[in-house]
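> Below are the C-alpha coordinates for one structure; questions will follow.
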Amino acid sequence: MKKLMTTAMAAALLAACSADDPSFDVLEVEAGSRVDSGSFGNATMNNMMAMQGSQQDYAINLARRFASEVNSTVNFAFNQATLDADARATLMRQADWIRQFPEVRFRVYGHTDLVGSNAYNRRLGLRRAQAVVAFLSSQGISRSRLEAVASFGETRPVVQTQNRERRNRRTVTEVSGFVQSDPLVLNGKYAQVIFREYVAAAVPQTARTTTRIATGGG
(Lines give C-alpha, C1' and ligand atoms only; values in the text may rest on other atoms or scores of the structure.)
Protein backbone atom coordinates (compact mmCIF):
# COMPACT_ATOMS: atom_id res chain seq x y z
CA MET A 1 0.00 0.00 0.00
CA LYS A 2 2.86 2.35 0.93
CA LYS A 3 4.62 1.53 -2.34
CA LEU A 4 1.41 2.28 -4.22
CA MET A 5 1.01 5.65 -2.53
CA THR A 6 4.62 6.59 -3.26
CA THR A 7 4.25 5.68 -6.92
CA ALA A 8 1.01 7.61 -7.13
CA MET A 9 2.54 10.67 -5.54
CA ALA A 10 5.52 10.57 -7.92
CA ALA A 11 3.17 10.28 -10.87
CA ALA A 12 1.18 13.27 -9.61
CA LEU A 13 4.33 15.35 -9.27
CA LEU A 14 5.48 14.45 -12.76
CA ALA A 15 2.04 15.23 -14.12
CA ALA A 16 2.18 18.67 -12.56
CA CYS A 17 5.33 19.47 -14.55
CA SER A 18 4.86 20.12 -18.22
CA ALA A 19 7.59 19.58 -20.80
CA ASP A 20 7.97 23.34 -21.03
CA ASP A 21 8.59 23.74 -17.29
CA PRO A 22 12.34 24.23 -16.57
CA SER A 23 11.99 22.15 -13.40
CA PHE A 24 10.95 19.19 -15.57
CA ASP A 25 14.38 19.08 -17.25
CA VAL A 26 16.15 18.73 -13.90
CA LEU A 27 14.50 15.34 -13.39
CA GLU A 28 16.22 13.91 -16.46
CA VAL A 29 19.86 14.85 -15.75
CA GLU A 30 22.43 14.05 -13.10
CA ALA A 31 22.38 16.19 -9.97
CA GLY A 32 24.99 18.93 -10.22
CA SER A 33 25.42 18.63 -13.97
CA ARG A 34 23.83 22.03 -14.56
CA VAL A 35 26.43 24.81 -14.63
CA ASP A 36 25.41 27.97 -12.83
CA SER A 37 25.54 30.95 -15.21
CA GLY A 38 24.96 33.59 -12.54
CA SER A 39 27.23 35.01 -9.87
CA PHE A 40 27.46 31.96 -7.59
CA GLY A 41 31.18 31.50 -8.22
CA ASN A 42 32.31 35.11 -7.85
CA ALA A 43 34.13 34.51 -4.56
CA THR A 44 36.00 31.55 -6.04
CA MET A 45 36.80 33.55 -9.17
CA ASN A 46 38.27 36.37 -7.10
CA ASN A 47 40.34 33.91 -5.06
CA MET A 48 41.71 32.38 -8.26
CA MET A 49 42.56 35.79 -9.71
CA ALA A 50 44.40 36.73 -6.53
CA MET A 51 46.36 33.47 -6.37
CA GLN A 52 47.25 33.67 -10.08
CA GLY A 53 48.47 37.23 -9.71
CA SER A 54 45.57 38.85 -11.61
CA GLN A 55 45.47 41.81 -9.25
CA GLN A 56 44.56 44.22 -12.01
CA ASP A 57 41.33 42.32 -12.75
CA TYR A 58 40.45 42.24 -9.08
CA ALA A 59 41.19 45.97 -8.74
CA ILE A 60 38.82 46.65 -11.65
CA ASN A 61 36.15 44.56 -9.94
CA LEU A 62 36.58 46.54 -6.71
CA ALA A 63 36.57 49.84 -8.61
CA ARG A 64 33.20 49.01 -10.14
CA ARG A 65 31.84 48.03 -6.77
CA PHE A 66 33.10 51.22 -5.11
CA ALA A 67 31.51 53.37 -7.83
CA SER A 68 28.18 51.53 -7.51
CA GLU A 69 27.96 51.48 -3.70
CA VAL A 70 29.37 54.91 -2.81
CA ASN A 71 29.08 58.36 -4.35
CA SER A 72 32.63 58.80 -5.62
CA THR A 73 32.20 62.51 -6.51
CA VAL A 74 32.12 65.70 -4.44
CA ASN A 75 31.53 69.20 -5.85
CA PHE A 76 32.97 72.63 -5.06
CA ALA A 77 32.02 76.29 -5.14
CA PHE A 78 33.49 78.42 -7.92
CA ASN A 79 37.24 78.99 -7.55
CA GLN A 80 37.24 77.15 -4.19
CA ALA A 81 38.90 74.03 -2.81
CA THR A 82 36.94 74.09 0.45
CA LEU A 83 34.77 71.11 1.41
CA ASP A 84 31.18 72.04 2.23
CA ALA A 85 28.83 70.01 4.45
CA ASP A 86 27.55 67.86 1.56
CA ALA A 87 31.10 67.08 0.45
CA ARG A 88 32.14 66.08 3.97
CA ALA A 89 29.10 63.82 4.35
CA THR A 90 29.93 62.09 1.05
CA LEU A 91 33.58 61.69 2.03
CA MET A 92 32.64 60.17 5.39
CA ARG A 93 30.71 57.49 3.49
CA GLN A 94 33.70 56.98 1.21
CA ALA A 95 35.94 56.61 4.26
CA ASP A 96 33.61 54.00 5.77
CA TRP A 97 33.89 51.96 2.56
CA ILE A 98 37.66 52.43 2.18
CA ARG A 99 38.36 51.29 5.76
CA GLN A 100 36.86 47.90 4.90
CA PHE A 101 39.67 47.24 2.41
CA PRO A 102 43.08 48.11 3.97
CA GLU A 103 44.76 46.21 1.11
CA VAL A 104 43.55 48.71 -1.49
CA ARG A 105 44.93 52.07 -2.60
CA PHE A 106 42.84 54.99 -3.87
CA ARG A 107 43.50 57.95 -6.13
CA VAL A 108 41.66 61.27 -6.07
CA TYR A 109 41.34 63.29 -9.28
CA GLY A 110 40.55 67.00 -9.21
CA HIS A 111 38.53 68.78 -11.89
CA THR A 112 37.34 72.33 -12.62
CA ASP A 113 34.89 74.03 -14.93
CA LEU A 114 36.07 75.77 -18.10
CA VAL A 115 36.25 79.30 -16.70
CA GLY A 116 39.86 80.53 -16.43
CA SER A 117 43.18 79.40 -17.88
CA ASN A 118 44.09 75.73 -18.16
CA ALA A 119 47.25 76.18 -16.07
CA TYR A 120 45.37 77.85 -13.23
CA ASN A 121 42.59 75.26 -13.34
CA ARG A 122 45.07 72.38 -13.16
CA ARG A 123 46.50 73.83 -9.95
CA LEU A 124 42.99 74.43 -8.58
CA GLY A 125 41.93 70.88 -9.41
CA LEU A 126 44.98 69.52 -7.64
CA ARG A 127 44.20 71.58 -4.53
CA ARG A 128 40.71 70.09 -4.53
CA ALA A 129 42.12 66.56 -4.75
CA GLN A 130 44.54 67.33 -1.92
CA ALA A 131 41.67 68.66 0.23
CA VAL A 132 39.82 65.36 -0.24
CA VAL A 133 42.92 63.30 0.59
CA ALA A 134 43.45 65.36 3.76
CA PHE A 135 39.83 64.81 4.85
CA LEU A 136 39.91 61.05 4.19
CA SER A 137 43.16 60.88 6.14
CA SER A 138 41.45 62.62 9.07
CA GLN A 139 38.89 59.81 9.05
CA GLY A 140 41.54 57.18 9.79
CA ILE A 141 42.69 56.29 6.26
CA SER A 142 46.47 55.98 5.97
CA ARG A 143 48.02 58.65 3.74
CA SER A 144 50.14 55.91 2.15
CA ARG A 145 46.94 54.54 0.58
CA LEU A 146 45.72 57.89 -0.79
CA GLU A 147 47.10 59.76 -3.78
CA ALA A 148 46.27 63.15 -5.23
CA VAL A 149 48.64 62.65 -8.12
CA ALA A 150 46.80 64.22 -11.02
CA SER A 151 44.52 67.08 -11.86
CA PHE A 152 42.64 67.02 -15.14
CA GLY A 153 41.78 70.68 -14.65
CA GLU A 154 39.25 71.78 -17.25
CA THR A 155 39.99 68.99 -19.74
CA ARG A 156 37.28 66.48 -18.70
CA PRO A 157 34.01 68.34 -18.08
CA VAL A 158 30.83 66.49 -17.21
CA VAL A 159 28.84 69.26 -18.90
CA GLN A 160 30.38 70.85 -22.00
CA THR A 161 29.95 74.56 -21.35
CA GLN A 162 32.23 77.60 -21.17
CA ASN A 163 30.18 79.00 -18.29
CA ARG A 164 30.39 78.29 -14.59
CA GLU A 165 29.14 74.77 -13.93
CA ARG A 166 29.12 73.18 -10.48
CA ARG A 167 28.95 69.64 -11.83
CA ASN A 168 32.33 70.18 -13.50
CA ARG A 169 33.93 71.49 -10.29
CA ARG A 170 34.50 68.15 -8.60
CA THR A 171 36.83 65.46 -7.36
CA VAL A 172 36.46 61.77 -8.17
CA THR A 173 37.80 59.04 -5.88
CA GLU A 174 38.81 55.80 -7.59
CA VAL A 175 40.44 52.47 -6.74
CA SER A 176 44.01 52.58 -8.05
CA GLY A 177 45.50 49.23 -6.99
CA PHE A 178 46.97 47.44 -3.99
CA VAL A 179 49.37 48.43 -1.24
CA GLN A 180 52.77 47.94 -2.87
CA SER A 181 54.58 46.89 0.31
CA ASP A 182 52.51 43.71 0.47
CA PRO A 183 52.13 42.23 -3.04
CA LEU A 184 49.29 39.78 -3.52
CA VAL A 185 48.01 40.78 -0.12
CA LEU A 186 44.64 39.04 -0.55
CA ASN A 187 46.33 35.68 -1.20
CA GLY A 188 43.04 34.01 -2.02
CA LYS A 189 41.31 35.27 1.13
CA TYR A 190 38.45 37.10 -0.52
CA ALA A 191 35.86 35.42 1.72
CA GLN A 192 37.75 36.65 4.79
CA VAL A 193 37.62 40.22 3.47
CA ILE A 194 33.88 39.95 2.82
CA PHE A 195 33.32 38.52 6.32
CA ARG A 196 35.25 41.44 7.81
CA GLU A 197 33.04 43.83 5.83
CA TYR A 198 29.83 42.22 7.14
CA VAL A 199 31.07 42.49 10.71
CA ALA A 200 31.93 46.17 10.23
CA ALA A 201 28.56 46.84 8.61
CA ALA A 202 26.80 45.47 11.69
CA VAL A 203 28.23 48.22 13.89
CA PRO A 204 25.81 51.17 14.17
CA GLN A 205 26.94 54.38 12.50
CA THR A 206 26.89 56.25 15.83
CA ALA A 207 29.24 53.70 17.37
CA ARG A 208 31.69 54.04 14.46
CA THR A 209 31.63 57.82 14.81
CA THR A 210 32.19 57.64 18.57
CA THR A 211 35.13 55.30 18.05
CA ARG A 212 36.75 57.70 15.58
CA ILE A 213 36.38 60.59 18.00
CA ALA A 214 37.77 58.56 20.90
CA THR A 215 40.88 57.65 18.89
CA GLY A 216 41.55 61.23 17.80
CA GLY A 217 40.00 61.03 14.30
CA GLY A 218 38.08 63.58 12.59
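Here, A, B, ... name the chains of the C-alpha coordinates in the order displayed, residue numbers run from 1 inside each chain, and ligands are numbered from 1 in the same displayed order.
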Just the helix (DSSP H, G or I) stuff from range 79-109 of chain A, please, per backbone DSSP, written as number ranges by chain.
A: 85-99
> Can you list, as a list in words, every protein, DNA or RNA residue that comes within 9 Å of range 62-68 of chain A when you count only C-alpha atoms, leaving out same-chain residues fewer than 5 positions away?
Asp57, Gln94, Trp97, Ile98, Val104, Thr173, Glu174, Val175 and Ser176 of chain A
> Taking only C-alpha atoms into account, name the residue in A:Pro157, A:Gly177, A:Gly140, A:Gly110 that is nearest to Val74 in chain A.
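When distances to Val74 in chain A are compared using only C-alpha atoms, the smallest one comes from A:Gly110.
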> Between A:Val149, A:Val159, A:Leu126, A:Val133, which one has atoms that come closest to Arg88 in chain A, using only C-alpha atoms?
A:Val133
> As an exercise, work out the distance from CA of Leu91 in chain A to CA of Arg128 in chain A in Å and give it to one decimal place.
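Separation of CA of Leu91 in chain A and CA of Arg128 in chain A: 12.8 Å.
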> What does the distance from CA of Asn168 in chain A to CA of Asn79 in chain A come to in Å, to one decimal?
11.7 Å
> For a test of reading the model, state the distance in Å between CA of Phe106 in chain A and CA of Arg127 in chain A, rounded to one decimal.
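A separation of 16.7 Å between them.
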> When distances are computed from only C-alpha atoms, which of A:Arg170, A:Arg156, A:Arg164, A:Arg107 shows the smallest separation from Leu83 in chain A?
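For Leu83 in chain A, the nearest of the candidates is A:Arg170.
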